[in-house]
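Dropping upload31.tsv in here (TSV, C-alpha atoms):
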```tsv
chain	number	residue	atom	x	y	z
A	27	MET	CA	18.36	-60.41	-9.22
A	28	LYS	CA	22.00	-60.79	-8.26
A	29	ARG	CA	21.97	-58.11	-5.59
A	30	PRO	CA	18.98	-59.37	-3.55
A	31	VAL	CA	20.61	-62.82	-3.40
A	32	LEU	CA	23.83	-61.26	-2.16
A	33	MET	CA	21.89	-59.20	0.39
A	34	ILE	CA	20.12	-62.30	1.66
A	35	LEU	CA	23.46	-64.10	1.91
A	36	ILE	CA	24.96	-61.21	3.82
A	37	VAL	CA	22.03	-61.08	6.23
A	38	LEU	CA	22.18	-64.86	6.76
A	39	LEU	CA	25.93	-64.73	7.32
A	40	THR	CA	25.50	-61.84	9.74
A	41	VAL	CA	23.00	-63.86	11.75
A	42	ALA	CA	25.24	-66.92	11.56
A	43	THR	CA	28.26	-64.91	12.69
A	44	ALA	CA	26.34	-63.44	15.62
A	45	ALA	CA	25.19	-66.93	16.65
A	46	VAL	CA	28.70	-68.32	16.33
A	47	VAL	CA	30.20	-65.49	18.38
A	48	VAL	CA	27.58	-65.79	21.14
A	49	GLY	CA	28.01	-69.58	21.19
A	50	GLY	CA	31.77	-69.18	21.19
A	51	VAL	CA	31.78	-66.76	24.08
A	52	LEU	CA	29.50	-69.03	26.13
A	53	THR	CA	31.64	-72.10	25.37
A	54	ILE	CA	34.87	-70.28	26.13
A	55	ARG	CA	33.46	-69.02	29.42
A	56	ALA	CA	32.42	-72.54	30.40
A	57	ASP	CA	35.76	-73.83	29.18
A	58	LYS	CA	37.68	-71.23	31.17
A	59	HIS	CA	35.90	-72.42	34.29
A	60	THR	CA	36.83	-76.10	33.90
A	61	SER	CA	40.33	-75.56	32.58
A	62	SER	CA	41.11	-73.21	35.46
A	63	ILE	CA	40.15	-76.09	37.77
A	64	ASN	CA	42.77	-78.31	36.12
A	65	ALA	CA	45.38	-75.60	36.12
A	66	GLU	CA	44.77	-74.78	39.80
A	67	ARG	CA	45.23	-78.38	40.85
A	68	SER	CA	48.91	-78.36	41.65
A	69	PRO	CA	49.16	-74.98	43.47
A	70	ALA	CA	46.56	-76.16	46.04
A	71	ILE	CA	48.44	-79.45	46.51
A	72	ALA	CA	51.76	-77.63	46.89
A	73	VAL	CA	50.37	-75.38	49.65
A	74	ALA	CA	48.78	-78.37	51.46
A	75	ASP	CA	52.05	-80.34	51.23
A	76	ARG	CA	54.09	-77.43	52.60
A	77	GLY	CA	51.65	-76.95	55.49
A	78	VAL	CA	51.66	-80.61	56.50
A	79	GLU	CA	55.41	-80.87	56.18
A	80	ALA	CA	55.91	-77.78	58.35
A	81	LEU	CA	53.52	-79.06	61.04
A	82	THR	CA	55.11	-82.53	61.14
A	83	THR	CA	58.67	-81.23	61.14
A	84	ILE	CA	59.55	-79.87	64.56
A	85	SER	CA	62.58	-79.55	66.75
A	86	PRO	CA	63.11	-77.95	70.17
A	87	ASN	CA	65.19	-75.14	68.67
A	88	ASN	CA	63.40	-74.04	65.56
A	89	SER	CA	59.72	-74.89	66.03
A	90	ALA	CA	58.73	-71.26	66.74
A	91	ALA	CA	60.46	-70.05	63.59
A	92	THR	CA	59.00	-72.86	61.47
A	93	LEU	CA	55.48	-72.12	62.70
A	94	LYS	CA	55.88	-68.38	62.15
A	95	ARG	CA	56.88	-69.00	58.55
A	96	LEU	CA	53.71	-70.99	58.01
A	97	GLU	CA	51.33	-68.22	59.13
A	98	PRO	CA	51.04	-66.39	55.77
A	99	SER	CA	49.77	-69.67	54.25
A	100	LEU	CA	46.88	-69.93	56.71
A	101	THR	CA	43.50	-68.24	56.79
A	102	GLY	CA	40.27	-67.84	58.78
A	103	ASP	CA	39.58	-69.67	62.03
A	104	PHE	CA	42.45	-72.05	61.41
A	105	LEU	CA	44.89	-69.13	61.48
A	106	LYS	CA	43.35	-67.87	64.76
A	107	GLN	CA	43.56	-71.32	66.38
A	108	PHE	CA	47.09	-71.67	65.13
A	109	GLU	CA	48.19	-68.30	66.52
A	110	SER	CA	46.69	-69.05	69.94
A	111	MET	CA	48.31	-72.49	70.07
A	112	THR	CA	51.80	-71.65	68.83
A	113	THR	CA	53.25	-70.57	72.20
A	114	THR	CA	51.98	-73.62	74.11
A	115	PHE	CA	53.03	-75.94	71.32
A	116	THR	CA	56.53	-74.45	71.11
A	117	SER	CA	57.12	-74.75	74.87
A	118	VAL	CA	55.86	-78.37	74.97
A	119	VAL	CA	58.18	-79.29	72.13
A	120	ALA	CA	61.11	-77.49	73.78
A	121	LYS	CA	60.51	-79.16	77.19
A	122	GLY	CA	60.06	-82.64	75.74
A	123	LYS	CA	63.01	-82.17	73.40
A	124	VAL	CA	60.91	-83.80	70.73
A	125	THR	CA	62.19	-83.91	67.19
A	126	SER	CA	60.03	-84.91	64.26
A	127	LYS	CA	60.96	-85.03	60.62
A	128	GLY	CA	57.92	-85.16	58.39
A	129	SER	CA	57.74	-86.05	54.72
A	130	ILE	CA	54.95	-86.37	52.20
A	131	ALA	CA	54.34	-89.90	50.90
A	132	ALA	CA	51.51	-88.88	48.56
A	133	SER	CA	48.85	-86.23	48.16
A	134	ALA	CA	45.65	-86.12	46.15
A	135	VAL	CA	42.74	-83.87	45.26
A	136	GLN	CA	39.52	-84.93	46.99
A	137	SER	CA	37.57	-81.94	45.69
A	138	LEU	CA	38.38	-78.71	43.92
A	139	SER	CA	36.49	-75.63	42.78
A	140	ALA	CA	37.71	-72.20	41.73
A	141	THR	CA	37.83	-71.04	45.37
A	142	GLN	CA	37.85	-74.14	47.58
A	143	ALA	CA	39.84	-77.35	47.73
A	144	LYS	CA	40.17	-80.44	49.87
A	145	ILE	CA	43.52	-82.21	49.59
A	146	LEU	CA	44.35	-85.58	51.12
A	147	VAL	CA	47.90	-85.93	52.35
A	148	ALA	CA	49.59	-89.16	53.39
A	149	ALA	CA	52.52	-88.01	55.52
A	150	THR	CA	55.15	-89.98	57.38
A	151	ALA	CA	57.13	-88.62	60.29
A	152	SER	CA	60.17	-89.95	62.04
A	153	VAL	CA	59.71	-88.94	65.70
A	154	SER	CA	62.44	-89.01	68.33
A	155	ALA	CA	62.76	-87.87	71.93
A	156	PRO	CA	65.47	-88.48	74.54
A	157	LYS	CA	65.27	-91.96	76.11
A	158	HIS	CA	62.75	-93.01	73.48
A	159	GLN	CA	63.37	-95.05	70.38
A	160	THR	CA	62.85	-93.24	67.12
A	161	THR	CA	59.48	-94.24	65.74
A	162	SER	CA	57.87	-93.81	62.38
A	163	ARG	CA	54.37	-92.35	62.37
A	164	ALA	CA	51.95	-92.53	59.46
A	165	TYR	CA	49.43	-89.71	59.19
A	166	ARG	CA	46.28	-89.40	57.09
A	167	ILE	CA	45.40	-85.75	56.85
A	168	ARG	CA	42.67	-83.82	55.05
A	169	VAL	CA	43.65	-80.22	54.33
A	170	SER	CA	40.96	-77.67	53.47
A	171	LEU	CA	42.05	-74.68	51.43
A	172	ARG	CA	40.48	-71.43	50.28
A	173	ARG	CA	41.65	-69.28	47.43
A	174	THR	CA	41.87	-65.69	48.59
A	175	GLY	CA	43.64	-62.84	46.83
A	176	GLY	CA	44.86	-65.16	44.09
A	177	ALA	CA	46.62	-67.52	46.51
A	178	TRP	CA	45.60	-70.80	48.13
A	179	ARG	CA	45.61	-70.70	51.92
A	180	ILE	CA	44.94	-73.44	54.44
A	181	SER	CA	41.60	-73.01	56.24
A	182	GLY	CA	41.55	-76.33	58.10
A	183	MET	CA	43.42	-79.53	58.80
A	184	GLU	CA	42.10	-82.76	60.28
A	185	PHE	CA	43.19	-86.34	60.77
A	186	VAL	CA	41.11	-88.82	58.77
A	187	SER	CA	40.09	-91.60	61.14
B	30	MET	CA	31.49	-55.22	-6.41
B	31	LYS	CA	31.06	-53.55	-3.04
B	32	ALA	CA	28.69	-56.30	-1.96
B	33	ARG	CA	31.21	-58.93	-2.98
B	34	VAL	CA	33.92	-57.34	-0.85
B	35	LEU	CA	31.50	-57.20	2.05
B	36	LEU	CA	30.55	-60.83	1.51
B	37	SER	CA	34.16	-61.98	1.43
B	38	THR	CA	34.88	-60.02	4.60
B	39	TRP	CA	31.95	-61.70	6.34
B	40	LEU	CA	33.10	-65.08	5.11
B	41	VAL	CA	36.55	-64.51	6.61
B	42	VAL	CA	34.99	-63.35	9.90
B	43	VAL	CA	32.70	-66.37	10.01
B	44	LEU	CA	35.58	-68.73	9.29
B	45	ILE	CA	37.75	-67.21	12.02
B	46	ALA	CA	34.90	-67.19	14.53
B	47	GLY	CA	34.01	-70.75	13.57
B	48	GLY	CA	37.60	-71.85	14.03
B	49	ALA	CA	37.80	-70.20	17.43
B	50	VAL	CA	34.58	-71.87	18.51
B	51	GLY	CA	35.87	-75.21	17.30
B	52	VAL	CA	39.06	-74.90	19.32
B	53	ALA	CA	37.21	-73.68	22.42
B	54	ALA	CA	34.59	-76.41	22.15
B	55	TRP	CA	37.27	-79.07	21.72
B	56	ARG	CA	39.22	-77.83	24.72
B	57	HIS	CA	36.00	-77.62	26.70
B	58	HIS	CA	35.06	-81.14	25.70
B	59	SER	CA	38.48	-82.61	26.50
B	60	SER	CA	38.76	-80.94	29.91
B	61	THR	CA	35.20	-81.94	30.84
B	62	SER	CA	35.72	-85.52	29.73
B	63	GLU	CA	39.04	-85.62	31.60
B	64	LYS	CA	37.17	-84.59	34.74
B	65	SER	CA	34.41	-87.18	34.35
B	66	ASN	CA	37.06	-89.71	33.39
B	67	SER	CA	38.93	-89.28	36.66
B	68	ALA	CA	35.67	-89.24	38.62
B	69	ALA	CA	34.70	-92.60	37.09
B	70	ALA	CA	38.16	-94.02	37.79
B	71	LEU	CA	38.01	-92.83	41.41
B	72	ALA	CA	34.56	-94.39	41.92
B	73	THR	CA	35.91	-97.67	40.51
B	74	ALA	CA	38.96	-97.48	42.79
B	75	ARG	CA	36.71	-97.14	45.83
B	76	THR	CA	34.40	-100.05	44.99
B	77	SER	CA	37.16	-102.35	43.66
B	78	ILE	CA	39.42	-101.86	46.69
B	79	THR	CA	36.49	-102.34	49.08
B	80	THR	CA	35.63	-105.61	47.31
B	81	LEU	CA	39.23	-106.83	47.05
B	82	LEU	CA	40.11	-106.14	50.69
B	83	THR	CA	36.89	-107.58	52.11
B	84	TYR	CA	37.19	-111.36	52.49
B	85	GLN	CA	36.76	-114.44	54.63
B	86	GLY	CA	40.08	-116.04	55.56
B	87	LYS	CA	38.98	-119.53	54.62
B	88	ASP	CA	37.57	-118.47	51.23
B	89	ILE	CA	40.41	-116.18	50.22
B	90	ALA	CA	41.68	-118.20	47.22
B	91	HIS	CA	38.17	-118.64	45.86
B	92	GLU	CA	37.34	-114.96	46.34
B	93	LEU	CA	40.55	-113.93	44.58
B	94	SER	CA	39.55	-115.91	41.50
B	95	ALA	CA	36.07	-114.39	41.49
B	96	GLU	CA	37.45	-110.86	41.75
B	97	GLU	CA	40.17	-111.13	39.11
B	98	HIS	CA	38.01	-109.20	36.61
B	99	LEU	CA	38.59	-106.03	38.68
B	100	LEU	CA	42.31	-106.14	37.89
B	101	THR	CA	44.28	-105.78	34.68
B	102	PRO	CA	45.36	-109.22	33.37
B	103	GLU	CA	49.01	-108.12	33.88
B	104	TYR	CA	48.47	-107.21	37.54
B	105	ALA	CA	46.07	-110.04	38.46
B	106	GLY	CA	48.88	-112.58	38.89
B	107	THR	CA	51.04	-110.26	41.01
B	108	TYR	CA	48.10	-109.39	43.24
B	109	ARG	CA	47.09	-113.03	43.66
B	110	ASP	CA	50.64	-114.05	44.58
B	111	MET	CA	50.94	-111.22	47.08
B	112	MET	CA	47.63	-112.07	48.77
B	113	LEU	CA	48.27	-115.82	48.84
B	114	ARG	CA	51.81	-115.48	50.18
B	115	GLN	CA	51.56	-112.54	52.57
B	116	VAL	CA	47.94	-112.42	53.67
B	117	ALA	CA	46.28	-115.80	53.22
B	118	PRO	CA	48.33	-117.91	55.70
B	119	THR	CA	47.53	-115.64	58.69
B	120	ALA	CA	43.97	-114.94	57.58
B	121	GLN	CA	43.21	-118.64	57.13
B	122	ALA	CA	44.87	-119.68	60.40
B	123	ALA	CA	42.89	-117.12	62.39
B	124	ASN	CA	39.70	-117.76	60.41
B	125	ALA	CA	39.58	-114.02	59.98
B	126	SER	CA	36.72	-112.06	58.55
B	127	VAL	CA	38.08	-108.88	57.05
B	128	ALA	CA	36.02	-105.85	55.98
B	129	ALA	CA	37.49	-102.82	54.24
B	130	SER	CA	35.96	-99.39	53.86
B	131	VAL	CA	37.35	-96.43	51.99
B	132	VAL	CA	37.07	-93.40	54.28
B	133	ALA	CA	38.56	-90.82	51.91
B	134	SER	CA	39.80	-90.78	48.33
B	135	GLY	CA	41.36	-88.40	45.84
B	136	ILE	CA	43.14	-88.09	42.52
B	137	VAL	CA	46.94	-87.93	42.50
B	138	ARG	CA	47.17	-87.52	38.72
B	139	ALA	CA	45.06	-88.42	35.73
B	140	SER	CA	45.33	-88.95	32.01
B	141	SER	CA	42.78	-90.41	29.63
B	142	GLN	CA	44.35	-93.86	29.92
B	143	SER	CA	45.65	-94.02	33.48
B	144	VAL	CA	44.57	-92.54	36.81
B	145	VAL	CA	46.53	-92.65	40.06
B	146	THR	CA	44.42	-92.39	43.21
B	147	LEU	CA	45.11	-92.11	46.92
B	148	LEU	CA	42.76	-94.01	49.21
B	149	PHE	CA	42.55	-93.92	52.99
B	150	VAL	CA	41.20	-97.34	53.91
B	151	ASN	CA	40.04	-98.73	57.25
B	152	VAL	CA	40.37	-102.48	57.50
B	153	THR	CA	38.45	-104.19	60.30
B	154	THR	CA	39.41	-107.73	61.21
B	155	HIS	CA	37.25	-110.13	63.22
B	156	THR	CA	38.89	-113.34	64.35
B	157	ALA	CA	37.41	-116.42	66.00
B	158	LYS	CA	39.67	-116.01	69.05
B	159	ASP	CA	39.18	-112.33	69.75
B	160	PRO	CA	35.63	-111.05	70.20
B	161	ASN	CA	36.82	-107.48	69.72
B	162	PRO	CA	37.42	-106.48	66.11
B	163	VAL	CA	40.65	-104.68	65.31
B	164	THR	CA	40.58	-101.74	62.91
B	165	GLN	CA	43.69	-100.57	61.12
B	166	GLY	CA	44.00	-97.49	58.98
B	167	SER	CA	46.04	-97.66	55.81
B	168	ARG	CA	47.01	-95.48	52.89
B	169	LEU	CA	47.01	-96.98	49.45
B	170	ARG	CA	48.19	-95.59	46.16
B	171	VAL	CA	45.96	-97.32	43.61
B	172	THR	CA	46.56	-97.05	39.86
B	173	LEU	CA	43.80	-97.77	37.34
B	174	ASP	CA	44.12	-98.32	33.60
B	175	HIS	CA	41.42	-97.69	31.06
B	176	SER	CA	40.45	-100.84	29.25
B	177	GLY	CA	37.55	-100.80	26.83
B	178	LYS	CA	34.88	-98.88	28.70
B	179	ARG	CA	36.09	-99.91	32.14
B	180	TRP	CA	38.72	-98.97	34.66
B	181	LEU	CA	40.84	-101.83	35.97
B	182	VAL	CA	43.20	-101.79	38.94
B	183	SER	CA	46.77	-102.07	37.64
B	184	ASN	CA	48.67	-101.49	40.89
B	185	VAL	CA	48.07	-101.30	44.64
B	186	GLU	CA	50.84	-99.83	46.72
B	187	PRO	CA	50.61	-99.48	50.51
B	188	LEU	CA	52.31	-96.26	51.65
```

Take the structure I supplied and represent it as structure tokens, if you would.
Amino acid sequence: MKRPVLMILIVLLTVATAAVVVGGVLTIRADKHTSSINAERSPAIAVADRGVEALTTISPNNSAATLKRLEPSLTGDFLKQFESMTTTFTSVVAKGKVTSKGSIAASAVQSLSATQAKILVAATASVSAPKHQTTSRAYRIRVSLRRTGGAWRISGMEFVS
Amino acid sequence: MKARVLLSTWLVVVLIAGGAVGVAAWRHHSSTSEKSNSAAALATARTSITTLLTYQGKDIAHELSAEEHLLTPEYAGTYRDMMLRQVAPTAQAANASVAASVVASGIVRASSQSVVTLLFVNVTTHTAKDPNPVTQGSRLRVTLDHSGKRWLVSNVEPL
């Protein structure tokens, strides 16, 4: 009498364990998805901030170098556009002797998945050129990012109007 | 005896698995609720700021009183003072009709009790004198505090 009861208990516990493990794995997988979203929040923001700061900080002497340094953080069509524009941009900046010092006032996550992000950046730049008064410019920028090869890269940038 | 050993082993396995599931489920629950929490706060930020920054110059004091429930009691006074001192005189003199719209919004940081948002807001002003409305873009850092089941604006900071 004792043994059958034990056997039934063992069978029940086996079934229960299997259910618990399957449930656990499913929950953990779902959990991994959402917690990775939270964990990935700041790296995407950091890349967006660096990109905006680099593009709003220019000077006649070092704009080419600054832009070159930014290239590894860019991807897709945005990288292509960027590469084709760099030379023109650099020569315009050099001719106009324009200096701009950009800084990030605030940045925020508009949307975020495991592979894509949209970050809003409020940037402020102090712009000066010879014979012109230094002016402060406020920018509202939306940065699109894609996660490729474990790193966030900028795939687009637009002014929010 | 053998069965008893087996049973105890299973019990231990079940307990460990159960514990793991508990922890995973709790983490899952807290991260999901954190997400929906910030989404709710962001939605409130958008509607509250749209309401607060949309007003008729001549009715501004009255509108401020009617909209006080969108703000924390601590911030309501500060906000009212700021609007009455810095905004109302010009808005009333020009008989301005001001309409705000939030064109983009995001989360700066979030906890269960407080969420900081960034809003890009376009404010369009019609005045009696000028037939052409003027639209200005602004950037606001808006903080919301959780109070009961609602999110209330506890700070508005133009950037």

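Residue nearest chain A within the list B:Arg179, B:Arg138, B:Lys158, B:Arg109: B:Arg138 [criterion: smallest interatomic distance, all atoms listed in the file].
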
For a quick test of understanding: name the residues of chain B lying within 9 Å of chain A when counting all atoms listed in the file, and present them as a ChimeraX atom specification. /B:32-33,35-36,39-40,42-44,46-47,49-51,53-54,56-58,60-61,64,132-138,145-149,151,166-168,170,188

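The gap separating CA of Thr125 (chain A) from CA of Ala155 (chain A) is 6.2 Å, in Å to one decimal.
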
Residue nearest Gly175 (chain A) among A:Thr101, A:Ser154, A:Thr112, A:Gln107 (counting only C-alpha atoms):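 The closest residue to Gly175 (chain A) is A:Thr101.
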
Two-atom distance - CA of Ser85 (chain A), CA of Thr161 (chain A) (Å):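 The value is 15.0 Å.
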